[in-house]
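Notes to accompany the following structure.
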Amino acid sequence: MNDTLQLISPPGYGPVVPFDKHSHGRLGLLPERRYAWCSRLNSVFINAIEFARIATEYPIAFVHEQSSREFIPVAILGLRDRENLFVDASGGWRWPAYVPAYCRRHPFCVAQVADGAEPKPRKLICVQADQLSPDGAALFDSDAQPSPAWNAILRLIESMESARQATRVLCKRLESLDLLVPFDAVASAPGRTTLHLQGMYRVDEQKLATLPMRNLKTLLNKGELRAVYAHLISLENFARLLDLEGKRNGR
């Protein structure tokens, strides 16, 4: 069955295959794991539970995903296409900036696999197999029992998947309340090229302020209003990205 699966790798990943504890279990993560794989991603998907942490470092925007036709939140990592200002030349993440869970989860991901025998697609853990090595801490022992290394990875994967549904609900609510509006980010400084980022959406503060009280209470009671304000505050970080780009280019 696995030979017929058509798996689409997440942005930044190489080819992925279903994770199998028998063929992959005695391997571990590369001992010197770095973030060079995402050095050309200028944004990554984030979950709503991360907004408060993300907002201290990165702008948070919403984009309209063509495949699902849904809005998803992303952390903006760079001001240009294929630019990540938080990964240095050696593949290290700029310290002490928070590393989004999407980046920490690599080389693992979760695919939705349709099965004619099941009413809903099942979730399948996949891996970019060339990122596993016999030199790393084995993910499973000789009896095919999970190691502490695998348990830590599985907790991250499961927490991301659990948070994804709450994030989806938040985005659908913002869309249903007509709060998401397109915007262009303009980053400029004296003597530098003005940069425009397009295709993003933000919460309209004026519309938010005029929401009926019942809708505001729903956002508050669901814990979503906190995420909304984290998003709005985070938009000030476009100026921070411009500063980081200037430092990288020696300006």
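Residue numbering restarts at 1 in every chain; chains get A, B, ... in the order shown in the structure tokens, and ligands count up from 1 in that same order.
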Determine which residues of range 29-78 of chain A DSSP labels as helix (DSSP H, G or I) from the backbone of this structure, then write them out as a PyMOL selection string. chain A and resi 36-38+48-54
Test item: residues at most 10 Å from range 223-236 of chain A, only C-alpha atoms, excluding those fewer than 4 positions along its chain, as JSON, numbers by chain: {"A": [47, 48, 49, 50, 51, 52, 53, 54, 55, 56, 57, 58, 59, 60, 61, 62, 73, 75, 76, 166, 167, 169, 170, 171, 173, 174, 185, 202, 203, 204, 205, 208, 216, 217, 218, 219, 240, 241]}
Let me see the file: selected residues, C-alpha atoms, as an mmCIF file, in the first residue's frame.
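The file below, selection_32.cif, is the result:
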```cif
data_model
loop_
_atom_site.group_PDB
_atom_site.id
_atom_site.type_symbol
_atom_site.label_atom_id
_atom_site.label_comp_id
_atom_site.auth_asym_id
_atom_site.auth_seq_id
_atom_site.Cartn_x
_atom_site.Cartn_y
_atom_site.Cartn_z
ATOM 1 C CA ASN A 47 -0.740 27.187 15.551
ATOM 2 C CA ALA A 48 -2.804 29.656 17.567
ATOM 3 C CA ILE A 49 -1.320 28.316 20.802
ATOM 4 C CA GLU A 50 2.045 29.698 19.629
ATOM 5 C CA PHE A 51 0.827 33.232 18.914
ATOM 6 C CA ALA A 52 1.912 34.726 22.247
ATOM 7 C CA ARG A 53 5.479 33.415 21.829
ATOM 8 C CA ILE A 54 5.664 34.161 18.115
ATOM 9 C CA ALA A 55 4.435 37.730 18.602
ATOM 10 C CA THR A 56 7.583 38.673 20.527
ATOM 11 C CA GLU A 57 9.802 37.941 17.512
ATOM 12 C CA TYR A 58 7.896 37.664 14.244
ATOM 13 C CA PRO A 59 4.952 39.247 12.437
ATOM 14 C CA ILE A 60 1.907 36.970 12.347
ATOM 15 C CA ALA A 61 -0.263 37.114 9.236
ATOM 16 C CA PHE A 62 -2.973 34.998 7.656
ATOM 17 C CA PRO A 73 -1.748 31.694 10.186
ATOM 18 C CA ALA A 75 5.015 33.533 11.063
ATOM 19 C CA ILE A 76 6.840 35.852 8.666
ATOM 20 C CA ALA A 166 -8.274 24.779 17.433
ATOM 21 C CA THR A 167 -6.358 26.969 14.988
ATOM 22 C CA VAL A 169 -11.681 26.840 14.272
ATOM 23 C CA LEU A 170 -10.182 30.260 15.042
ATOM 24 C CA CYS A 171 -9.538 30.995 11.361
ATOM 25 C CA ARG A 173 -14.542 32.111 13.043
ATOM 26 C CA LEU A 174 -12.526 35.140 11.945
ATOM 27 C CA ALA A 185 3.407 45.123 4.404
ATOM 28 C CA ARG A 202 -4.846 40.685 8.954
ATOM 29 C CA VAL A 203 -7.633 41.272 11.450
ATOM 30 C CA ASP A 204 -9.393 44.575 10.797
ATOM 31 C CA GLU A 205 -9.254 46.434 14.115
ATOM 32 C CA LEU A 208 -13.229 44.031 15.626
ATOM 33 C CA LEU A 216 -16.840 39.359 21.287
ATOM 34 C CA LYS A 217 -17.874 37.191 24.215
ATOM 35 C CA THR A 218 -17.510 34.088 22.068
ATOM 36 C CA LEU A 219 -13.965 35.093 21.084
ATOM 37 C CA ARG A 240 12.330 44.374 13.350
ATOM 38 C CA LEU A 241 12.730 42.245 10.227
#
```
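Minimum distance to Leu7 in chain A across A:Met213, A:Ile125, A:Arg80, A:Ala89 (counting only C-alpha atoms) occurs at A:Ile125.
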Of the listed residues A:Pro100, A:Gly78, A:Pro121, A:Pro10, that which approaches Arg248 in chain A most closely, counting only C-alpha atoms: A:Gly78
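Note that DSSP on the backbone gives strand (DSSP E) to these residues of range 55-161 of chain A: Ile60, Ala61, Phe62, Val63, His64, Glu65, Glu70, Phe71, Ile72, Pro73, Val74, Ala75, Ile76, Phe108, Cys109, Val110, Ala111, Gln112, Val113, Arg122, Lys123, Leu124, Ile125, Cys126, Val127, Leu132 and Ser133 of chain A.
If you measure from each of A:Asn237, A:Gln198, A:Ser68, A:Ser43 to Tyr102 in chain A using only C-alpha atoms, the closest one turns out to be A:Ser43.
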